[in-house]
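Engineer: Sharing a structure below in C-alpha cells format, with a few things to ask.
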Amino acid sequence: MYRNIRPKPHDQKRTAATKNAECVLPLKEVPREATCFDPKRLRLALCRCATALKMEGNSIMILKPVSAATYVAFNWINGSQCQEGRLQESIDPATYDVIGHFPDCGLEAAKLAVAAASKAFRETLWAHDHELRARVLDQLACAFERNRDKLLEILSLENGKVKAEAAFELDMVASKLRYSAATALVGGGRAMTPKPGSISLILRQPMGVAAVIAPWNSPVILTIRSLAPALAAGCTTVIKLPAQVAQTASVMGEIMAEAEDLPNGVINLFFESGPEGSAYLVDSPEVSVVSFTGSTRTGRAISSTGARYLKRFGMELGGKTPMIVFDDADLDAALPVLEKALTVFSGQFCMTGSRLLVQDGTYEAVRDGLAERLRNVKVGPAADPSSDMGPLIDRANVARVDGVVQAAIAAGAQVVERGGPINVGTLANGAFFRPALLEVFDNSLAIVQEETFGPVLTIQRFSDEAEAIRLANDNEYGLSASIWTRDVDRSLRVAQALEAGSVWINDWAKVYDGTEEGGFKQSGLGRLNGLAALDDFIEHKHIALKPGLTQR
C-alpha cells in the first residue's frame, strides 16, 4: 500500500468531507504504478486495496489503508465506483478468514442505479442503435477474456468453487456475450400488407429498465445469461448480486467498465446482504422487467409484488433433477457423470442431479458403485488443486443441508453414504460438507420433493418405463432431467413424456448459447439462451399505414 504518500503543502486544505481522510492526493500525482485511472470510468486499481476511497473534487481521498492481502468491493453505478454504506466483511468459506470488505447499502444503491438506468434509457442512443449494442457486447466479451484469470482467483476464493469449476463458469461468458451481440443486429421487426392498400409495421422495442437479480452460486455466468439478451434488446440494466459474492461482483464491474463505447448508466451493479434493494427493484414503476434466478419461493413472492404494476418477469427457479437409469445403460459411462451431477458447485446448482431413479435389474450395481465414488470424493479448498469439491457457501448452509439429511433419515430414508459436515481436522473451520446418498422408498418425502441445494442425492428403484415417468413427474419442479439408456426409441419416448424444460440423454447439464433454457411447472417463466431469450425484454408495436394502391 502507498501509506507514505502525502500531498504537497498547498494541497493540504481539507473540506468537511475530507477532514477524516488519511491523505488527500491530487489525481495528477497518483503514482502510475498504483492506478489505471480513466476519468470517464473511474477505474482505479488502487480501490482494490483500500478500505475506503472517495473522489473529492479533483482529488482521491484514501480513508483507511489496509493490507494489500484484503479486497474492497465497490458498487458500480452510472459509470463510477461507489462505496457509500456501512462496511461488512467478505469471508473465504474454506477457512472463514476475512478476505475483504464491502459497503452494505442495498436500498440507496438500488435507487441510484434505477435513476441512472432510467436516465440512460431516455437520453442515450442505446435503445435505438443496434450497431452500438452489438459493438459493446463484443467489447464486454473481450474484457472478460482479458481479465479471466483475475476473475477466476476471486471467484474461487470467495465462492469456494474449485478452480476447474470456476473456470468452467467463466469460460461460458464470452460466447454468450458474442451470441447476444449477433442477436442485437437481427430481428428488429417486420413489415406486412394485411389488406390491399394497407401496410403494417411490427416493431420490436426494448421495454426500458431491466433488473437482473442473480444468485451467489454461479454469480458470473448467471448474471451474464440475463444481462446479455437484455442489452441486446436495448434495455438499460441494474444488476443485483448477494453480499456473499460482493468481491466477485466488484471485479465484474471493473471489467465491464473496460467496454469503451458503453454509455454511463446502461449497466449498473450493486450487492447487498438484505432484501431491501431487490424489493425496490421489484416494486419500482421505473423498472419494466425483472430477470430473476433463484428459489421458487422467492420467485412467487416477487411475482406477487410485481403484479401491482403488471411487471414482466423472466424466471429460472428451483429444480429437483431426476436422473433415470435403465437396465441397458452403460454404467461405465454413467457413473462418473452421475457423480459430477451431484458434486459440481458442491451441489449448489439448480440443475444438480439430486434424484436418482434406477431400474430393478441394475439397481444394486448403480447404488454400490456410486456410493464408492462419492466416498472417494476429495473435499477441500479451491486453493488445493487436488480438491474434487469445494465448500458450501457458508456454515449456515452446512447446518441447513445437514438438517435436511437428518429429517429424511427420521422420515424413513436409509443411509447408503451419510456424508455430512466436516468437524475435525484442517477443514473444520470451513463450510465443508461431504456428499450424501440416501435410499428412499416413498416419493412423497420432503427430501424427494423439495430442493436441497447441497450435495445430497436420493436413490429410488422403478420397474418399468411407465413407473419411471410417473416418479420423475411427481414433483412440482420441471427444470431438467437426465435419461440413461442404449435404446434410442425409449430415450425419445421418455424425453417427450417428462415434464422438464431440458432433457439430456446419456449426459447431464449440456447447455448451449443458441438453445433455449428454462423450466416447466414451478421451475420458471420464460426462457434464457437462444433467440427466445430476447422475448423477456421486448415489446411489440404495430404501426398501421394506409397509403392506398396506385391506379392502373
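Chain labels run A, B, ... following the order of the C-alpha cells; each chain numbers its residues from 1, and ligands are numbered from 1 in the order shown.
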Residues within 9 Å of Val290 in chain A, please, as a compact mmCIF listing (two decimals) with N, CA and C atoms, in the first residue's frame. Count only C-alpha atoms; anything in the same chain fewer than 3 positions from it doesn't count.

Structural biologist:
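Dumped to part_15.txt:
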```txt
# COMPACT_ATOMS: atom_id res chain seq x y z
N VAL A 209 -36.03 -0.21 -18.41
CA VAL A 209 -35.04 -0.64 -17.43
C VAL A 209 -35.31 -2.09 -17.05
N ALA A 210 -34.29 -2.92 -17.15
CA ALA A 210 -34.39 -4.33 -16.77
C ALA A 210 -33.55 -4.58 -15.52
N ALA A 211 -34.15 -5.20 -14.53
CA ALA A 211 -33.42 -5.61 -13.33
C ALA A 211 -32.97 -7.05 -13.50
N VAL A 212 -31.70 -7.31 -13.24
CA VAL A 212 -31.14 -8.66 -13.28
C VAL A 212 -30.78 -9.03 -11.85
N ILE A 213 -31.54 -9.94 -11.27
CA ILE A 213 -31.30 -10.39 -9.90
C ILE A 213 -30.75 -11.81 -9.97
N LEU A 281 -36.27 -2.86 -6.57
CA LEU A 281 -36.28 -3.15 -8.00
C LEU A 281 -37.61 -3.76 -8.43
N VAL A 282 -38.13 -4.65 -7.61
CA VAL A 282 -39.39 -5.32 -7.94
C VAL A 282 -40.57 -4.35 -7.86
N VAL A 287 -38.82 0.27 -13.22
CA VAL A 287 -38.25 -0.99 -13.70
C VAL A 287 -39.34 -1.76 -14.41
N GLY A 306 -44.73 -7.65 -7.89
CA GLY A 306 -44.67 -7.01 -9.19
C GLY A 306 -45.99 -6.97 -9.93
N LYS A 311 -45.90 -6.18 -13.98
CA LYS A 311 -44.50 -6.18 -14.39
C LYS A 311 -44.15 -7.48 -15.10
N ARG A 312 -43.30 -7.37 -16.11
CA ARG A 312 -42.82 -8.54 -16.84
C ARG A 312 -41.76 -9.26 -16.01
N PHE A 313 -41.89 -10.57 -15.90
CA PHE A 313 -40.91 -11.38 -15.18
C PHE A 313 -40.40 -12.50 -16.07
N GLY A 314 -39.10 -12.70 -16.05
CA GLY A 314 -38.48 -13.90 -16.58
C GLY A 314 -37.78 -14.58 -15.41
N MET A 315 -38.02 -15.86 -15.22
CA MET A 315 -37.52 -16.51 -14.01
C MET A 315 -36.99 -17.91 -14.30
N ASP A 536 -38.19 -11.76 -23.18
CA ASP A 536 -38.47 -11.18 -21.87
C ASP A 536 -38.27 -9.67 -21.85
N PHE A 537 -37.53 -9.13 -22.81
CA PHE A 537 -37.09 -7.75 -22.72
C PHE A 537 -37.65 -6.84 -23.81
```

Engineer: Given only C-alpha atoms, how would the per-residue table for range 86-167 of chain A near range 231-251 of chain A read, listing every residue at most 7 Å away with its closest atom pair and distance in Å to one decimal, sorted by chain and number, as a tab-separated table?

Structural biologist:
```
residue	atom	partner	partner_atom	distance
A:Ser90	CA	A:Gln244	CA	6.9
A:Phe102	CA	A:Ala246	CA	6.5
A:Ala113	CA	A:Val238	CA	6.2
A:Val114	CA	A:Val238	CA	6.5
A:Ala117	CA	A:Thr236	CA	5.4
A:Ala120	CA	A:Thr236	CA	6.9
A:Phe121	CA	A:Thr236	CA	5.8
A:Trp126	CA	A:Gly234	CA	6.1
A:Ala127	CA	A:Gly234	CA	4.3
A:Arg133	CA	A:Ala232	CA	6.0
A:Ala134	CA	A:Ala232	CA	6.9
A:Leu151	CA	A:Val251	CA	6.7
A:Ile154	CA	A:Thr248	CA	5.9
A:Leu155	CA	A:Thr248	CA	5.7
A:Glu158	CA	A:Val245	CA	6.3
A:Asn159	CA	A:Val245	CA	6.6
```

Engineer: Identify which of the residues A:Asp328, A:Asp394, A:Glu451, A:Glu516 lies closest to Ala94 in chain A, counting only C-alpha atoms when measuring atom-to-atom distances.

Structural biologist: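 Distance minimum relative to Ala94 in chain A lands on A:Asp394.
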
Engineer: Report as an MDAnalysis selection string all protein, DNA and RNA residues lying within 10 Å of range 176-190 of chain A, evaluated on only C-alpha atoms, omitting residues in the same chain fewer than 2 positions from it.

Structural biologist: chainID A and resid 129:142 144 171:174 192 200:205 221 224:234 512:514 529:531 533:534 540:542

Engineer: As a PyMOL selection string, list the residues of range 372-514 of chain A assigned to strand (DSSP E) by DSSP on the backbone atoms of this structure.

Structural biologist: chain A and resi 414-417+420-421+433-434+436-439+456-462+477-478+480-484+502-505

Engineer: Keeping C-alpha atoms, export the residues of the selection given above as a PDB file, in the first residue's frame.

Structural biologist:
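Listed below is the output, result15.pdb:
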```
ATOM      1  CA  GLN A 414     -31.924 -45.344   4.540  1.00  0.00           C
ATOM      2  CA  VAL A 415     -28.300 -44.240   4.663  1.00  0.00           C
ATOM      3  CA  VAL A 416     -26.078 -45.533   1.876  1.00  0.00           C
ATOM      4  CA  GLU A 417     -23.401 -42.865   2.330  1.00  0.00           C
ATOM      5  CA  GLY A 420     -22.240 -34.509   6.248  1.00  0.00           C
ATOM      6  CA  PRO A 421     -20.287 -31.654   7.870  1.00  0.00           C
ATOM      7  CA  PHE A 433     -19.959 -30.981   3.624  1.00  0.00           C
ATOM      8  CA  ARG A 434     -19.203 -34.457   2.323  1.00  0.00           C
ATOM      9  CA  ALA A 436     -24.522 -37.968   0.932  1.00  0.00           C
ATOM     10  CA  LEU A 437     -26.516 -40.786  -0.713  1.00  0.00           C
ATOM     11  CA  LEU A 438     -29.871 -41.830   0.763  1.00  0.00           C
ATOM     12  CA  GLU A 439     -32.098 -44.714  -0.330  1.00  0.00           C
ATOM     13  CA  VAL A 456     -27.350 -34.826  -1.200  1.00  0.00           C
ATOM     14  CA  LEU A 457     -28.677 -37.493  -3.592  1.00  0.00           C
ATOM     15  CA  THR A 458     -31.635 -39.825  -3.201  1.00  0.00           C
ATOM     16  CA  ILE A 459     -31.796 -43.195  -4.972  1.00  0.00           C
ATOM     17  CA  GLN A 460     -35.064 -44.972  -5.718  1.00  0.00           C
ATOM     18  CA  ARG A 461     -35.911 -48.071  -7.757  1.00  0.00           C
ATOM     19  CA  PHE A 462     -38.511 -48.483 -10.522  1.00  0.00           C
ATOM     20  CA  TYR A 477     -40.350 -28.758 -10.313  1.00  0.00           C
ATOM     21  CA  GLY A 478     -39.642 -29.215 -14.005  1.00  0.00           C
ATOM     22  CA  SER A 480     -34.266 -30.545 -16.166  1.00  0.00           C
ATOM     23  CA  ALA A 481     -33.891 -34.325 -16.360  1.00  0.00           C
ATOM     24  CA  SER A 482     -31.378 -36.946 -17.499  1.00  0.00           C
ATOM     25  CA  ILE A 483     -32.033 -40.317 -19.188  1.00  0.00           C
ATOM     26  CA  TRP A 484     -29.547 -43.188 -19.412  1.00  0.00           C
ATOM     27  CA  SER A 502     -34.184 -29.547 -20.598  1.00  0.00           C
ATOM     28  CA  VAL A 503     -33.693 -33.299 -21.045  1.00  0.00           C
ATOM     29  CA  TRP A 504     -30.272 -34.857 -21.591  1.00  0.00           C
ATOM     30  CA  ILE A 505     -29.848 -38.344 -22.986  1.00  0.00           C
TER      31      ILE A 505
END
```
